[in-house]
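Novice: This structure is in C-alpha cells; I'll ask about it shortly.
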Amino acid sequence: MRDEEGLISASHINKRSCSVFTSLEESRILQTLLRYPAPDSLKIKPTSWLDGVRGIAAFEVYMFHTISCWHTIFPAWHAEPDQTNILQLPALRTFFDSGGTSVCVFFVLSGYVLTYKSLRWIRAGSRQQVYPSVASSMFRRGFRLYLPPILLTFFEMVATRFGYAPPLNFTFVAESTALAQFLDWIKETNYLVNPIYNFNTAIQGFVIHPKYDPVIWTIPLEFYGSFICYFLLLLLARVPSNGTRMCLVAMFAAFCMFLGAWNGFCFSTGMLIADFNLTQDENGTIPLFQPSRFALVWKIAFLVAFYIAGFPTLSYPEAHVLPMFGYETLRSSIPMSLNMEDHSRFWWSISGVTLLFCISQLPQFKSFFEANICQYLGKIAFSLYLVHQFCVMLFGFMMQRFILGLFGLVQNQGGFFYWVACGIWYVPFTGLVFGIAAQVERLVDAPSVRFAKWLEEKCLKMYKNML
C-alpha cells in the first residue's frame, strides 16, 4: 500500500514538473525575447538530432568559460593542495570542464553534416550532383564562417575604446587613438582569415588566439576542416564500392591522428560516421547493422566517452607531472610523440567521435536531442559560441560583483553561500546571453548565410553572361 502511495506521489511530482516546464515553453516572454520555439512548432527531420547535439556542445562551452568566473576548475582534483573543488572530480567535471571535447564534437558534427547529402547522392548513383554541390559549398563556406566573428570583433574593438579589455586577453593594451585601434583590428582580421598567416598552424590544429576574441581560434580550423571534407568528397565520389570509400576515409583519419592533426581526424571521422549511418539505413534488415542489437555496448561506450570528455588539459608544463586523480592511466597512455600543442586533444578527439557515434546508434538518445530545448540551443549554437565571452566582459563581471556584494562575499571565497550566489548569477546572466545570441542569430548569422547564397547567384549569373 505504501509503495502504491509512493508511486502516486512520484507520479504527481513528475506531472507537476512537466507542467511547469511546459508552461515555461509556452511563455510568450521566452518566445519573444529569447526566440524560443513554441511547443510542437518545430519540424523534426531524420538529422535534427545533430542540431540538438550541436546545441548541447555549445552550452558546454558556455559553461566551461563562465564557471571560470567563479572558480578555476581545469586542473585535476587534488593536482595541488588547494585544488579540492567537488566540480573537479572525475565524471562530474565533464559537466563543467569539457570545453575541449565539445570543440571536437563540433568538428565531428561538421564532418557529418557537410558530407551527408553528397554521400547519399553517391550511394544513389547520382555522383554528377556531388560536384556542383561541393563547389557551391566551397564558395559559400568562408562567408558563412567568417562574417559573424568579423562583425563581433568589430564591436569588441569598439568596446576597448570604452575601457573594456577583450575576453580572455589579459595582456591587452589599447592603442593611443581610435583610428590606430581600427587599423589594428583590420590587421588582426587579416590574420584571422588570410591563409598566408594561419594555414600551417590551423591545418595542424594548433591554437592561436585572436587578439580581440580568443574564443574564435576555432574558426580557421573549422574552415580548413570543411575543405578537408570537400576534397575527400571530390576525390572519392567515383569510388565504386561504399566499403572501399569508407576504408579510405578511415585510413585518412588515422593518418591525421598519426600526424597530430586532431582536427582533421575529427572532420574525417564525422564523414565516416555519416557514411556508416547511411549503410545502416540501407541494410536495416541485416542484424549486424541494427543499432538496437548492440544497444548495451553503445551505452557503455557513451558513458566511458563521457568520463574521458572531462580529461584535464595538458596545455601547461606542470600538468604533465602533477597528480591527475582518475586520469593517470589515460595520461600515461597518450602518445607524446604526436605533434600537438596540447596532448589532451588526443583523448578529447576520441571522446568526441565516440560520443557522436554512440548517440547515432541509440534512438532514445536521439529523441532527447530532438527536444525543443536542444533544438533551440542548436539554432543559436554558433551565436552563443561567439557572444558569450563578450557578454561576460560587458556585464557578467558587473552582475557578479553586485550579487557577491549582496551576500557580503568576495571573489573565489568558496563555501555554500558563494555557490548559492553563483547559481543566482547564472539565471539572469544566462537569460540575457541567450536573448542576445538569439538576436545575433537573427540579425547576423542567418543574413550571412543568405548573403553568401545571394553572392554566389550573382557570380554565377555574371559568369554565364561572360560566356
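Going through the C-alpha cells in order, the chains are called A, B, and so on, while each chain numbers its residues from 1 and the ligands are numbered from 1 in the order shown.
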Taking the chain letters and numbering used in this document, name the residues of segment 150-193 of chain A that DSSP puts in alpha helix (DSSP H), as a PyMOL selection string.
Specialist: chain A and resi 150-160+178-193
Novice: Name all residues at most 9 Å from Ile334 of chain A (count only C-alpha atoms; drop same-chain ones fewer than 3 positions away) and give them as a PyMOL selection string.
Specialist: chain A and resi 330-331+337-338+343-344+346-347
Novice: If we count only C-alpha atoms and set the cut-off at 8 Å, which residues sit around segment 90-99 of chain A, ignoring sequence neighbours fewer than 3 positions away in its own chain? Please answer as a PyMOL selection string.
Specialist: chain A and resi 60-61+63-65+67+73-74+77+86-87+102-103+306-312+325-327
Novice: Just to confirm, what's the straight-line distance from atom CA of Ile380 of chain A to atom CA of Tyr62 of chain A in Å (one decimal)?
Specialist: 12.1 Å
Novice: Quick one: residues within 7 Å of segment 153-160 of chain A, only C-alpha atoms, excluding same-chain residues fewer than 4 positions away - as an NGL selection string?
Specialist: :A and (149 or 164-166 or 174 or 185 or 212-213)
Novice: For the residues selected in the previous step, produce a file with C-alpha atoms as a compact mmCIF listing (two decimals), in the first residue's frame.
Specialist:
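Done, and the output landed in again18.txt:
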# COMPACT_ATOMS: atom_id res chain seq x y z
CA PRO A 149 33.06 36.73 -35.99
CA TYR A 164 36.73 47.10 -21.82
CA ALA A 165 39.50 44.58 -22.44
CA PRO A 166 38.80 41.79 -24.97
CA ALA A 174 44.68 49.72 -26.11
CA TRP A 185 41.56 45.47 -35.84
CA TYR A 212 40.04 40.75 -29.94
CA ASP A 213 38.32 37.46 -29.10
Novice: As an exercise, work out the distance from atom CA of Val130 of chain A to atom CA of Ser226 of chain A in Å and give it to one decimal place.
Specialist: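 Result for atom CA of Val130 of chain A versus atom CA of Ser226 of chain A: 15.2 Å, one decimal.
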Novice: Would you mind listing what lies within 10 Å of Glu188 of chain A as a ChimeraX atom specification, with only C-alpha atoms counted and same-chain residues fewer than 6 positions away left out?
Specialist: /A:150,153,182,194,210-212
Novice: With a distance cut-off of 8 Å and only C-alpha atoms, select the neighbouring residues of segment 415-423 of chain A, excluding the residue or stretch itself and same-chain residues fewer than 2 positions from it, and output the selection as an MDAnalysis selection string.
Specialist: chainID A and resid 70 400 403:404 407 409 413 425:427
Novice: Take atom CA of Ser383 of chain A and atom CA of Ala438 of chain A and report the distance between them in Å, one decimal.
Specialist: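 Straight-line distance from atom CA of Ser383 of chain A to atom CA of Ala438 of chain A works out to 7.2 Å.
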Novice: Name the residues in contact with segment 349-362 of chain A at a cut-off of 6 Å, using only C-alpha atoms, excluding same-chain residues fewer than 2 positions from it; report them as a PyMOL selection string.
Specialist: chain A and resi 101+104-105+291+298+302+305+309+345-347+364-365
Novice: Convert the current residue selection to file output with C-alpha atoms, as a PDB file, in the first residue's frame.
Specialist:
ATOM      1  CA  THR A 101      35.810  17.772 -26.052  1.00  0.00           C
ATOM      2  CA  CYS A 104      35.909  18.154 -31.041  1.00  0.00           C
ATOM      3  CA  VAL A 105      32.197  17.315 -31.132  1.00  0.00           C
ATOM      4  CA  PRO A 291      21.723  -0.404 -33.735  1.00  0.00           C
ATOM      5  CA  TRP A 298      26.822   1.710 -27.169  1.00  0.00           C
ATOM      6  CA  PHE A 302      28.923   6.502 -24.278  1.00  0.00           C
ATOM      7  CA  ALA A 305      33.494   8.587 -23.559  1.00  0.00           C
ATOM      8  CA  ALA A 309      35.439  14.092 -22.005  1.00  0.00           C
ATOM      9  CA  ARG A 345      43.289  16.636 -27.589  1.00  0.00           C
ATOM     10  CA  PHE A 346      44.195  13.007 -28.292  1.00  0.00           C
ATOM     11  CA  TRP A 347      41.598  11.822 -25.764  1.00  0.00           C
ATOM     12  CA  GLN A 364      16.405   7.140 -27.094  1.00  0.00           C
ATOM     13  CA  PHE A 365      19.392   9.474 -27.062  1.00  0.00           C
TER      14      PHE A 365
END
Novice: Could you check which of A:Ala178, A:Ala76, A:Leu234, A:Cys256 is closest to Ile122 of chain A, using only C-alpha atoms?
Specialist: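 Once distances to Ile122 of chain A are computed over only C-alpha atoms, the minimum belongs to A:Leu234.
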